[in-house]
Amino acid sequence: MENQKRYCLSCNKELEGRSDKKFCDAHCKSSYQYQQSKLNPSNFYTKVNNQLKLNRKLLKYYNTSGKSTIRSSMLLEKGFNPNFFTHYWKNKKGEVYLFVYEFGFIKRKERNIEKYVLIKWQAYMEK
């Protein structure tokens, strides 16, 4: 039986060794699996992580001054989902701000228009 050349699925380097070998080393195997997971973000962790990344990106983009207000419809149209956050902070008035890493938000209604007040995490919020 003639030996066919086999190549690493990640880097395309010629493989040596076992006949069922698919990768040249652990790094290539990991790299390949990571690339495949990006193509098929079906698992729960990936979906949550992707939504958190998007939420953070949007909060950062619309809050350049440290505190701003934006209509909720604008954020929601861009894919923002307020159900995905990393932690919360309660101010002295008892209002709860939800945070996506260092960027926080709270929903308010002004003149019958739903808005989000956006803030950035500050050192005094630690306690």
# chains A, B, ... in the order shown; residues from 1 in each chain; ligands from 1

$ select_by_dssp --residues "range 23-69 of chain A" --states "alpha helix (DSSP H)" --output "PyMOL selection string"
chain A and resi 26-39+44-62

$ write_last_selection --atoms "N, CA, C and O atoms" --output "CSV table (one decimal), in the first residue's frame"
chain,number,residue,atom,x,y,z
A,26,ALA,N,0.0,20.4,19.4
A,26,ALA,CA,-1.1,20.9,20.2
A,26,ALA,C,-1.6,22.3,19.9
A,26,ALA,O,-2.7,22.6,19.9
A,27,HIS,N,-0.6,23.1,19.6
A,27,HIS,CA,-0.9,24.5,19.2
A,27,HIS,C,-1.8,24.5,17.9
A,27,HIS,O,-2.8,25.3,17.9
A,28,CYS,N,-1.5,23.8,16.9
A,28,CYS,CA,-2.3,23.7,15.7
A,28,CYS,C,-3.7,23.1,16.0
A,28,CYS,O,-4.6,23.6,15.4
A,29,LYS,N,-3.7,22.1,16.8
A,29,LYS,CA,-5.0,21.5,17.1
A,29,LYS,C,-5.9,22.6,17.8
A,29,LYS,O,-7.1,22.8,17.5
A,30,SER,N,-5.4,23.3,18.8
A,30,SER,CA,-6.1,24.3,19.5
A,30,SER,C,-6.5,25.5,18.6
A,30,SER,O,-7.7,25.9,18.6
A,31,SER,N,-5.6,25.9,17.7
A,31,SER,CA,-5.9,27.0,16.7
A,31,SER,C,-7.0,26.6,15.8
A,31,SER,O,-7.9,27.3,15.5
A,32,TYR,N,-7.0,25.3,15.3
A,32,TYR,CA,-8.0,24.8,14.4
A,32,TYR,C,-9.4,24.8,15.1
A,32,TYR,O,-10.4,25.3,14.5
A,33,GLN,N,-9.4,24.3,16.3
A,33,GLN,CA,-10.7,24.2,17.0
A,33,GLN,C,-11.2,25.6,17.3
A,33,GLN,O,-12.5,25.8,17.3
A,34,TYR,N,-10.4,26.6,17.7
A,34,TYR,CA,-10.8,27.9,17.9
A,34,TYR,C,-11.4,28.5,16.6
A,34,TYR,O,-12.5,29.1,16.7
A,35,GLN,N,-10.8,28.3,15.5
A,35,GLN,CA,-11.3,28.9,14.2
A,35,GLN,C,-12.6,28.2,13.9
A,35,GLN,O,-13.6,28.9,13.4
A,36,GLN,N,-12.8,26.9,14.1
A,36,GLN,CA,-14.0,26.2,13.9
A,36,GLN,C,-15.1,26.7,14.8
A,36,GLN,O,-16.3,26.9,14.3
A,37,SER,N,-14.8,27.0,16.0
A,37,SER,CA,-15.8,27.5,17.0
A,37,SER,C,-16.3,28.9,16.6
A,37,SER,O,-17.5,29.3,16.8
A,38,LYS,N,-15.5,29.7,16.0
A,38,LYS,CA,-15.9,31.0,15.5
A,38,LYS,C,-16.8,30.9,14.3
A,38,LYS,O,-17.7,31.8,14.1
A,39,LEU,N,-16.7,29.9,13.5
A,39,LEU,CA,-17.5,29.7,12.4
A,39,LEU,C,-18.9,29.2,12.8
A,39,LEU,O,-19.9,29.5,12.1
A,44,PHE,N,-23.5,27.9,24.2
A,44,PHE,CA,-24.0,28.9,25.1
A,44,PHE,C,-23.0,30.0,25.5
A,44,PHE,O,-23.2,31.2,25.4
A,45,TYR,N,-21.8,29.5,25.8
A,45,TYR,CA,-20.8,30.4,26.3
A,45,TYR,C,-20.4,31.4,25.2
A,45,TYR,O,-20.3,32.6,25.4
A,46,THR,N,-20.3,30.9,23.9
A,46,THR,CA,-20.0,31.8,22.8
A,46,THR,C,-21.0,32.9,22.6
A,46,THR,O,-20.7,34.0,22.4
A,47,LYS,N,-22.3,32.4,22.7
A,47,LYS,CA,-23.4,33.4,22.4
A,47,LYS,C,-23.4,34.5,23.5
A,47,LYS,O,-23.6,35.6,23.2
A,48,VAL,N,-23.2,34.1,24.8
A,48,VAL,CA,-23.2,35.0,25.9
A,48,VAL,C,-22.0,36.0,25.7
A,48,VAL,O,-22.2,37.2,25.8
A,49,ASN,N,-20.9,35.4,25.4
A,49,ASN,CA,-19.7,36.2,25.3
A,49,ASN,C,-19.8,37.2,24.1
A,49,ASN,O,-19.4,38.4,24.3
A,50,ASN,N,-20.3,36.8,23.0
A,50,ASN,CA,-20.5,37.7,21.9
A,50,ASN,C,-21.5,38.8,22.2
A,50,ASN,O,-21.3,40.0,21.8
A,51,GLN,N,-22.6,38.5,22.9
A,51,GLN,CA,-23.5,39.5,23.3
A,51,GLN,C,-22.9,40.5,24.3
A,51,GLN,O,-23.1,41.7,24.2
A,52,LEU,N,-22.1,40.0,25.2
A,52,LEU,CA,-21.4,41.0,26.2
A,52,LEU,C,-20.5,41.9,25.4
A,52,LEU,O,-20.4,43.1,25.7
A,53,LYS,N,-19.7,41.3,24.5
A,53,LYS,CA,-18.8,42.1,23.7
A,53,LYS,C,-19.6,43.2,22.9
A,53,LYS,O,-19.1,44.4,22.9
A,54,LEU,N,-20.7,42.9,22.3
A,54,LEU,CA,-21.5,43.8,21.5
A,54,LEU,C,-22.0,44.9,22.5
A,54,LEU,O,-22.0,46.1,22.2
A,55,ASN,N,-22.6,44.5,23.6
A,55,ASN,CA,-23.1,45.4,24.6
A,55,ASN,C,-22.1,46.4,25.0
A,55,ASN,O,-22.3,47.6,25.1
A,56,ARG,N,-20.9,45.9,25.4
A,56,ARG,CA,-19.8,46.8,25.8
A,56,ARG,C,-19.4,47.8,24.7
A,56,ARG,O,-19.2,49.0,25.0
A,57,LYS,N,-19.2,47.3,23.5
A,57,LYS,CA,-18.8,48.1,22.4
A,57,LYS,C,-19.8,49.3,22.2
A,57,LYS,O,-19.4,50.4,22.0
A,58,LEU,N,-21.1,49.0,22.3
A,58,LEU,CA,-22.2,50.0,22.1
A,58,LEU,C,-22.2,51.0,23.2
A,58,LEU,O,-22.3,52.2,23.0
A,59,LEU,N,-22.1,50.5,24.5
A,59,LEU,CA,-22.1,51.4,25.6
A,59,LEU,C,-20.9,52.3,25.6
A,59,LEU,O,-21.0,53.5,25.8
A,60,LYS,N,-19.7,51.8,25.2
A,60,LYS,CA,-18.5,52.6,25.0
A,60,LYS,C,-18.7,53.7,23.9
A,60,LYS,O,-18.3,54.8,24.1
A,61,TYR,N,-19.2,53.3,22.8
A,61,TYR,CA,-19.4,54.1,21.7
A,61,TYR,C,-20.3,55.3,22.0
A,61,TYR,O,-20.0,56.5,21.6
A,62,TYR,N,-21.4,55.1,22.7
A,62,TYR,CA,-22.4,56.1,23.0
A,62,TYR,C,-22.1,56.9,24.3
A,62,TYR,O,-22.9,57.8,24.6

$ select_by_dssp --residues "chain A" --states "strand (DSSP E or B)" --output "ChimeraX atom specification"
/A:7,14,67-71,87-90,96-100,103-110,113-120

$ closest_residue --among "A:Phe105, A:Lys92, A:Lys115, A:Phe99" --to "Ser73 in chain A" --atoms "only C-alpha atoms"
A:Lys115

$ closest_residue --among "A:Phe85, A:Leu9, A:Gly94, A:Asn43" --to "Asp25 in chain A" --atoms "only C-alpha atoms"
A:Leu9

$ closest_residue --among "A:Ala123, A:Arg71, A:Glu77, A:Lys90" --to "Arg108 in chain A" --atoms "only C-alpha atoms"
A:Arg71

$ residues_around --residues "Lys5 in chain A" --least-positions-apart "5" --cutoff "10 Å" --atoms "only C-alpha atoms" --output "PDB file with N, CA, C and O atoms, in the first residue's frame"
ATOM      1  N   GLU A  14       3.359  19.141   6.400  1.00  0.00           N
ATOM      2  CA  GLU A  14       3.286  17.694   6.181  1.00  0.00           C
ATOM      3  C   GLU A  14       3.393  16.967   7.518  1.00  0.00           C
ATOM      4  O   GLU A  14       4.235  17.303   8.371  1.00  0.00           O
ATOM      5  N   LEU A  15       2.525  15.974   7.704  1.00  0.00           N
ATOM      6  CA  LEU A  15       2.494  15.225   8.965  1.00  0.00           C
ATOM      7  C   LEU A  15       3.379  13.990   8.895  1.00  0.00           C
ATOM      8  O   LEU A  15       3.500  13.355   7.858  1.00  0.00           O
ATOM      9  N   GLU A  16       3.956  13.676  10.045  1.00  0.00           N
ATOM     10  CA  GLU A  16       4.738  12.455  10.199  1.00  0.00           C
ATOM     11  C   GLU A  16       4.204  11.712  11.407  1.00  0.00           C
ATOM     12  O   GLU A  16       3.695  12.316  12.351  1.00  0.00           O
ATOM     13  N   SER A  19      -0.912   7.179  11.379  1.00  0.00           N
ATOM     14  CA  SER A  19      -1.704   7.355  10.154  1.00  0.00           C
ATOM     15  C   SER A  19      -2.990   8.136  10.380  1.00  0.00           C
ATOM     16  O   SER A  19      -3.567   8.668   9.440  1.00  0.00           O
TER      17      SER A  19
END

$ atom_distance --atom1 "CA of Lys120 in chain A" --atom2 "CA of Met74 in chain A"
19.0 Å

$ atom_distance --atom1 "CA of Ser72 in chain A" --atom2 "CA of Lys93 in chain A"
22.3 Å

$ atom_distance --atom1 "CA of Thr86 in chain A" --atom2 "CA of Glu114 in chain A"
22.4 Å
